[in-house]
Structures are given as structure tokens and as C-alpha cells.
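Asks: Take a look at this one; I'll ask things after.
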Amino acid sequence: MIGPDGKLNAGNVGRLSKAPWWLLALALGGTVFAWRAATSQLYADIFGHILSGLGVTLAVTAIAFPVAIALGLATALGLVSPSPIRRNIATLYVQIARGVPILVQIFIVAFVLVPLGVDALRWISGGSGPLADLRASDVPMAARVVAALVCAYGAFEAETIRGGLTSLARGQAEAARALGLSQRQALWHVLLPQTFRRILPTLGNDLISLLKDSSLVSVLGVRDITQEARLYASATFRYTETLTLLALLYLALTLLLALGVKALEHRYRRYAS
Amino acid sequence: MPLDPMSEQNPSAVVLEARGIVKRFGSVTAVDGISLEIHAGQVTAILGPSGSGKSTLLRCLNFLEVPDSGEVLFEGVPVRAKDRALDGLRSRVGMVFQQFNLFPHLLVWENVALGPRVARKLSRDAASSLARDLLARVGLADKADAHPSQLSGGQQQRAAIARALAMEPAALLFDEPTSALDPELTGEVLAVMRSLASDGMTMAVVTHEVAFARAVSHQVIFMDAGQVIERGPPAQVIDAPRNERVARFFAR
């Protein structure tokens, strides 16, 4: 664990011990499985079905993540705001969104907030205009799920960004302000670039979590890879093969993301602080 | 308000003026009703023991600390914590910090170019050539494309001075600019400050470098426990102080 020199993982020096053996083992297992799967008509069939949901999984993640970061950023600025009104609104949102399970948030957004919002829009339009005939059923389930994931992850990102912002040395903000930069300019040119470099590892983790949590869309019948796998398995009773393949597909996606995040981290680590 | 003895000898314009500045932190009064004038083309040295409120006073001048009472006037115009005049003051009064506070995510020249580009809306090219000129002036022409973390402390502080100069300031505030440096690096920073002073830059310097204050400053303000206990030309305050506390300080 902690060696005599105070370094984590000390003791076993040498190149071999630093090689990512876990990745090799995974790749090996994956290759064996892939070879078996490639030579089997059954696996090809399952894979084809699951893959038809890949676009939905990727799209839900790719849309929800940047929007959640934007919401998180706005909320984080509220959390550190001198205005008690903004601070309390931001805190209220974060506490609610972090304290309610994501699955429950999905149900609430999909079946309570969206219908309420649609009613409100119709009421505002006053019975005329393009919004007059809007029905809750016009809002696709996929959009409702994205909204719910944004709501849940916006709170995580808010805490992450707030933590990054407040970890910066106070002198950075002072130097920016002393240069005559406005508060907004100081944030944009000095504080946020440094914050995002610092929280990159956490953001990467959150992106991977979000990709996994995108599987929750299946509870509303949105046909992502999880839903496609469930449909296929319940029709054919091939649960073992289907669910193994589904898990492996998620694993492949998250590993790819993890490697991408590592590369980004490596690029920014040197001059982060 | 007591008339500054310097203003009679040298009727140059007052760039920055503080009137009755008070700043409290909880029950501690860090600055206790101080007035001072900073004249164009002159160097004001603020000396005194640690914890006497020197830095707080300096930081009140550009509102990094908002005074609890009193007034700051920039070129004769009163400045308040939340108005346009403050932006004007800040973009025209540069500050150099004890800890340099360079922006670590930007290259050295980008540090210097940021203020002109963002606050003065200079084009990228104009800001870049301005930054490189100023870096050459502080002896860092060859470090323009380095990262701040690759520079020594003295080089970082000189880059920070170039960054402050890039706003073409009417005055520069130095907050213990050499206190984080070892003696070998202190000299190169003081040399840059000396050359700025001889070029007629208006400066207010909080420092423990008594020799520098004696050689360069026109006016010395000696603080103790939040108050000015003696002020005047360095020949008086440093070499022939009237106040017994000041005499003890320089006798060491």
C-alpha cells in the first residue's frame, strides 16, 4: 500500500509491474469471447439486435452530459454566489436532486413534471397559437428521460464544479480582478479553465456513470441497448447469452471512455496548477 | 487631514488618494483611519512590522479589500466598491502580489496579453507583440513561450510585473513583491522595480526591503497596529525617525 518512501503502491518497482495486466486479461477474455461469438450464428443474431439500440444509448449520453454540465455550472455559480437568494435556490435543487434516486426522478419527470409543464404551456398560450394543441403524449419518452438524467446529473456536476472552483488559490481571482477583468471575464478566462482541468478526472467518472445510467431509459420503454436486450431475451429465453453480451458491450464502451479521459488528463495534467 | 509634506515640495498630481480608510476583520481593526496620497511619478514605500496592516491598506486601494469606511479617490474621482469607477481604477492601477499569482494554464506571454486582450479589447496580434515587448523589458524575452511553472520565482515575479504593465497603468501597487523569494532572486526583481521607478512609474510598495525603500522611494509611510505612526522622506523616516517605535524597528 504505502511504501517506506511514502508513495502509494511503492515496493514493486520495475517496468513489468507497471504494465496494465488487468487490461491484457480483459482483452484476452474479450478476444476469446469475440471469436466464439463471431463463429456463432446465435451470438451474431443477439449482437445485431442489441446493436440497434446503440444509437439511442450514445445519443442519450451525448445529449444529457453537456446539458448537465451547463446546468451544473449555472448551479455551481449559484452555490458560490454572494446573493443568498441564488445560493439557497441552488442548494435546494442540489439537495433534492442528490437525495432522490435517479429512477424515481425519471418517473417524476416523465409522469408528473412533463404533463404539468405541458399544461402550463397550454395555459400560457391561452388556447391559440402552436402550443394550444400540445399534449403530454407529444413529448417523446426519450426526451423525458434525457431531462430527468440532466436533472440528476446537473446536481452532481454542480458539486464537482463548486469543489473545483473553491479549490483554486484565492490569488487567481484577485489577480484577474486586479487586472481589470470583470467578474464574468475572470470566470471565463482564468477560473473556469483551471477548474475544468482540475475536475477532469471526476467529470470522466461522471460521464461513465451517465453512460451506465442511460440504461434506466429502458424502464420507460425507450429502445436503448438494455431495452433491446430485454426484448430479445424475453422473446427467445436466451438470457445468459444476451445479458453477457449486453454487459460486455457496456464494458467496452466505458473502457473506451476511460481511455479517452486518461489521454485528456495526461494532456492537461502538467500545467494544471 | 494632515498635509503631506511631499506635496508642498513637489506639486505633482495625486494619482491615488485614501481618506480615513478603516478596515476591520472581525474584532481586529487592520487599518485604522489612514489617509495618504500617491503622487504621479513617485514611489511610496509602506513599511512596518508584520501584521501592522500594510498589505490590507494597499489592498484597500484597489478594493481587493472593501474598506469599512473612508474613501479612495482615483485621479480625483471617488471610487466605490460597486461602480464603473472601480473597473476604471482596476484596469489602470496594476498590482503585483507576493505569491506572483500568474495564471498556470496560460503561457507566459498569454499571461501578459490577457488583460489587454480581454479588458482593453486589443487584437490577439497586438496583445501578443505588446506582451513580448514587455517581457523583453523585464528581461524575459526568451521565456515568452514557457509555462509559468517552468520559471524561477524571480522570473515569475518579473513576468507578473510585465502583466501589470500591460494595462499601461497610471500606478502600480506592489504587495511584498520579494517576500516569497530567496535573496539571490530578490535582486533581479528589485532591479526591475528600480528601473521602473527611474522611468517615472508611479508606485506604492509594501516591502521589508529597507535598503530599497531608502534608495528608491520619495515618501515612506511607517505603519504599526493599523495606524501611520510616521511619514516623510526616507532620509527622515528611515535614517532619523522621530518616533521611538520606528527608531527601534530600524535599529535592529
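Residues in the C-alpha cells are numbered from 1 in each chain, the chains being A, B, ... in the order shown, and ligands are numbered from 1 in the order shown.
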Give me, as a Markdown table, the closest atom pair and its distance (Å, one decimal) for every residue of chain B within a cut-off of 10 Å of chain A, counting only C-alpha atoms, rows sorted by chain and rising number.

Replies:
```
| residue | atom | partner | partner_atom | distance |
| --- | --- | --- | --- | --- |
| B:Arg59 | CA | A:Ala178 | CA | 9.7 |
| B:Asn62 | CA | A:Ala178 | CA | 7.3 |
| B:Phe63 | CA | A:Ala178 | CA | 8.8 |
| B:Leu64 | CA | A:Glu174 | CA | 6.9 |
| B:Leu86 | CA | A:Gly180 | CA | 8.6 |
| B:Asp87 | CA | A:Gly180 | CA | 5.8 |
| B:Gly88 | CA | A:Gly180 | CA | 7.5 |
| B:Leu89 | CA | A:Gly180 | CA | 7.8 |
| B:Arg90 | CA | A:Gly180 | CA | 4.6 |
| B:Ser91 | CA | A:Gly180 | CA | 3.9 |
| B:Arg92 | CA | A:Gly180 | CA | 7.6 |
| B:Val93 | CA | A:Ala178 | CA | 7.8 |
| B:Gly94 | CA | A:Leu179 | CA | 6.4 |
| B:Met95 | CA | A:Ala178 | CA | 6.2 |
| B:Val96 | CA | A:Ala175 | CA | 8.2 |
| B:Phe97 | CA | A:Ala175 | CA | 7.9 |
| B:Gln98 | CA | A:Gly171 | CA | 9.6 |
| B:Gln99 | CA | A:Gly171 | CA | 7.8 |
| B:Phe100 | CA | A:Gly171 | CA | 8.4 |
| B:Asn101 | CA | A:Gly171 | CA | 5.6 |
| B:Leu102 | CA | A:Gln172 | CA | 7.4 |
| B:Phe103 | CA | A:Gln172 | CA | 6.8 |
| B:Pro104 | CA | A:Ser273 | CA | 5.6 |
| B:His105 | CA | A:Tyr271 | CA | 5.9 |
| B:Leu106 | CA | A:Tyr271 | CA | 8.5 |
| B:Leu107 | CA | A:Tyr271 | CA | 9.6 |
| B:Asn111 | CA | A:Val190 | CA | 9.8 |
| B:Leu114 | CA | A:His189 | CA | 8.2 |
| B:Gly115 | CA | A:Leu179 | CA | 5.9 |
| B:Pro116 | CA | A:Leu179 | CA | 9.0 |
| B:Val118 | CA | A:Leu181 | CA | 7.1 |
| B:Ala119 | CA | A:Leu181 | CA | 5.6 |
| B:Arg120 | CA | A:Gly180 | CA | 9.0 |
| B:His147 | CA | A:Tyr271 | CA | 7.4 |
| B:Pro148 | CA | A:Tyr271 | CA | 8.5 |
| B:Ser149 | CA | A:Tyr271 | CA | 7.2 |
| B:Gln150 | CA | A:Tyr271 | CA | 9.5 |
| B:Ala160 | CA | A:Ala175 | CA | 9.5 |
| B:Arg163 | CA | A:Leu179 | CA | 8.3 |
| B:Ala164 | CA | A:Leu179 | CA | 6.9 |
| B:Leu165 | CA | A:Leu179 | CA | 9.8 |
| B:Ala166 | CA | A:Leu179 | CA | 9.2 |
| B:Met167 | CA | A:Leu179 | CA | 7.4 |
| B:Pro169 | CA | A:Leu179 | CA | 9.7 |
| B:Leu173 | CA | A:Ala178 | CA | 10.0 |
```

Asks: Go ahead and write the residues just picked, C-alpha atoms, as a compact mmCIF listing (two decimals), in the first residue's frame.

Replies:
```txt
# COMPACT_ATOMS: atom_id res chain seq x y z
CA ARG B 59 -5.40 46.08 -0.97
CA ASN B 62 -7.91 48.77 -5.41
CA PHE B 63 -10.75 47.26 -3.36
CA LEU B 64 -9.42 43.73 -3.09
CA LEU B 86 -13.85 50.72 -9.83
CA ASP B 87 -13.40 49.00 -13.20
CA GLY B 88 -11.61 52.12 -14.39
CA LEU B 89 -9.37 52.11 -11.35
CA ARG B 90 -8.58 48.44 -11.56
CA SER B 91 -7.78 48.44 -15.24
CA ARG B 92 -5.47 51.43 -14.71
CA VAL B 93 -3.87 50.54 -11.38
CA GLY B 94 -1.79 47.38 -11.65
CA MET B 95 -0.98 45.06 -8.79
CA VAL B 96 1.95 42.74 -8.13
CA PHE B 97 1.42 40.06 -5.49
CA GLN B 98 3.68 38.35 -3.00
CA GLN B 99 2.80 34.95 -4.47
CA PHE B 100 3.06 36.18 -8.12
CA ASN B 101 -0.38 34.69 -8.95
CA LEU B 102 0.48 34.00 -12.56
CA PHE B 103 -2.21 32.04 -14.40
CA PRO B 104 -0.81 28.49 -14.59
CA HIS B 105 -2.99 27.39 -17.52
CA LEU B 106 -1.61 30.11 -19.81
CA LEU B 107 1.83 30.53 -21.37
CA ASN B 111 -0.46 35.85 -19.02
CA LEU B 114 -4.73 38.50 -21.22
CA GLY B 115 -5.55 41.88 -19.66
CA PRO B 116 -5.04 43.88 -22.87
CA VAL B 118 -9.93 40.91 -22.62
CA ALA B 119 -10.20 44.20 -20.72
CA ARG B 120 -8.78 46.53 -23.36
CA HIS B 147 4.73 27.86 -18.87
CA PRO B 148 4.83 29.83 -15.60
CA SER B 149 5.73 26.64 -13.70
CA GLN B 150 8.95 26.39 -15.72
CA ALA B 160 3.86 39.31 -13.13
CA ARG B 163 1.50 41.50 -16.80
CA ALA B 164 0.66 44.54 -14.65
CA LEU B 165 2.50 46.88 -17.04
CA ALA B 166 0.50 45.55 -19.99
CA MET B 167 -2.54 47.54 -18.85
CA PRO B 169 -1.23 51.55 -15.60
CA LEU B 173 0.81 48.55 -6.33
```

Asks: Would you kindly return, as an MDAnalysis selection string, each protein, DNA or RNA residue with an atom no farther than 8 Å from any atom of range 135-146 of chain A, considering only C-alpha atoms and excluding same-chain residues fewer than 3 positions away?

Replies: chainID A and resid 60 63:64 106 109:110 114:115 118:119 149:150 217 220:222

Asks: Step one, run DSSP on the backbone; step two, keep only residues of range 149-213 of chain B assigned to helix (DSSP H, G or I); then write them as an NGL selection string.

Replies: :B and (149-150 or 153-165 or 183-198 or 210-213)

Asks: List the neighbours of Ile38 in chain B out to 8 Å using only C-alpha atoms; skip same-chain residues closer than 2 positions along the sequence, and give me the result as an NGL selection string.

Replies: :B and (14-17 or 36 or 40 or 42-44 or 202-204)

Asks: Excluding Ser215 in chain A and residues on its chain fewer than 6 positions from it, collect all residues at most 8 Å away from it, counting only C-alpha atoms, and give them as a list in words.

Replies: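 The residues that qualify are Thr57, Asp224, Ile225, Thr226 and Gln227 of chain A.
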
Asks: Ranking B:Ile46, B:Ile21, B:Met223, B:Ile238 by minimum distance to His208 in chain B and counting only C-alpha atoms, which one comes first?

Replies: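 For His208 in chain B, the nearest of the candidates is B:Ile46.
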
Asks: List the spatial neighbours of Val237 in chain B as an NGL selection string - criterion: any atom at most 12 Å away, only C-alpha atoms, same-chain residues fewer than 6 positions off excluded.

Replies: :B and (45-48 or 210 or 213-214 or 217-223 or 228-231 or 243-250)

Asks: Since we have the selection now, will you write its residues out, keeping C-alpha atoms, as a short mmCIF file (atom, residue, chain, number, x, y, z; two decimals), in the first residue's frame?

Replies:
```
data_model
loop_
_atom_site.label_atom_id
_atom_site.label_comp_id
_atom_site.auth_asym_id
_atom_site.auth_seq_id
_atom_site.Cartn_x
_atom_site.Cartn_y
_atom_site.Cartn_z
CA ALA B 45 7.14 52.81 0.36
CA ILE B 46 4.90 51.36 3.06
CA LEU B 47 7.00 49.88 5.85
CA GLY B 48 6.29 48.44 9.26
CA VAL B 210 14.62 48.82 3.80
CA ALA B 213 12.92 51.93 0.20
CA ARG B 214 15.79 54.21 1.20
CA SER B 217 11.24 55.94 -2.53
CA HIS B 218 10.17 59.58 -2.31
CA GLN B 219 7.81 59.02 0.55
CA VAL B 220 7.89 56.47 3.36
CA ILE B 221 4.81 55.56 5.35
CA PHE B 222 5.52 53.65 8.52
CA MET B 223 2.64 51.64 9.97
CA VAL B 228 0.56 55.52 10.36
CA ILE B 229 2.99 56.45 13.09
CA GLU B 230 5.46 58.33 10.92
CA ARG B 231 5.60 59.56 7.35
CA ASN B 243 9.01 58.21 16.60
CA GLU B 244 10.59 55.90 19.15
CA ARG B 245 8.81 52.77 17.81
CA VAL B 246 10.12 53.50 14.30
CA ALA B 247 13.63 54.05 15.60
CA ARG B 248 13.54 50.67 17.35
CA PHE B 249 12.37 48.98 14.14
CA PHE B 250 15.29 50.32 12.07
#
```

Asks: Kindly give the distance, in Å, that separates CA of Gly20 in chain B and CA of Pro177 in chain B, rounded to a single decimal.

Replies: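 Answer for the CA of Gly20 in chain B to CA of Pro177 in chain B separation: 25.6 Å.
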
Asks: Looking only at the backbone, which of the residues in range 50-249 of chain B does DSSP tag as strand (DSSP E), as a PyMOL selection string?

Replies: chain B and resi 69-74+77-79+93-96+171-175+203-206+219-224+227-232

Asks: Using only C-alpha atoms, determine which residues lie at most 10 Å from range 44-48 of chain A, disregarding the query and same-chain residues fewer than 3 positions distant; provide the list as a list in words.

Replies: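 Counting only the stated atoms, we get Ala37, Ala38, Thr39, Ser40, Gln41, Leu51, Ser52, Gly53, Ile225, Glu228, Ala229, Tyr232, Ala233, Thr236, Arg238, Glu241, Thr242, Leu243, Leu245, Leu246 and Leu249 of chain A.
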
Asks: Applying 6 Å and only C-alpha atoms, which residues near Gly78 in chain A remain after dropping the ones on its own chain fewer than 5 positions away? List them as a list in words.

Replies: Arg86, Arg87 and Ala90 of chain A

Asks: Taking into account only C-alpha atoms, which residue in the set B:Met193, B:Phe212, B:Phe25, B:Ala171 is nearest to His39 in chain B?

Replies: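 Of B:Met193, B:Phe212, B:Phe25, B:Ala171, the one nearest His39 in chain B, counting only C-alpha atoms, is B:Ala171.
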
Asks: My list of candidates is A:Leu42, A:Ala155, A:Ala59, A:Ile50. Which is closest to Thr91 in chain A when distances are computed with only C-alpha atoms?

Replies: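 Between A:Leu42, A:Ala155, A:Ala59, A:Ile50, the residue approaching Thr91 in chain A most closely is A:Ala155.
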
Asks: Find the residue from B:Leu134, B:Leu58, B:Ala18, B:Val108 that sits nearest to Glu71 in chain B; use only C-alpha atoms when measuring.

Replies: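 Once distances to Glu71 in chain B are computed over only C-alpha atoms, the minimum belongs to B:Ala18.
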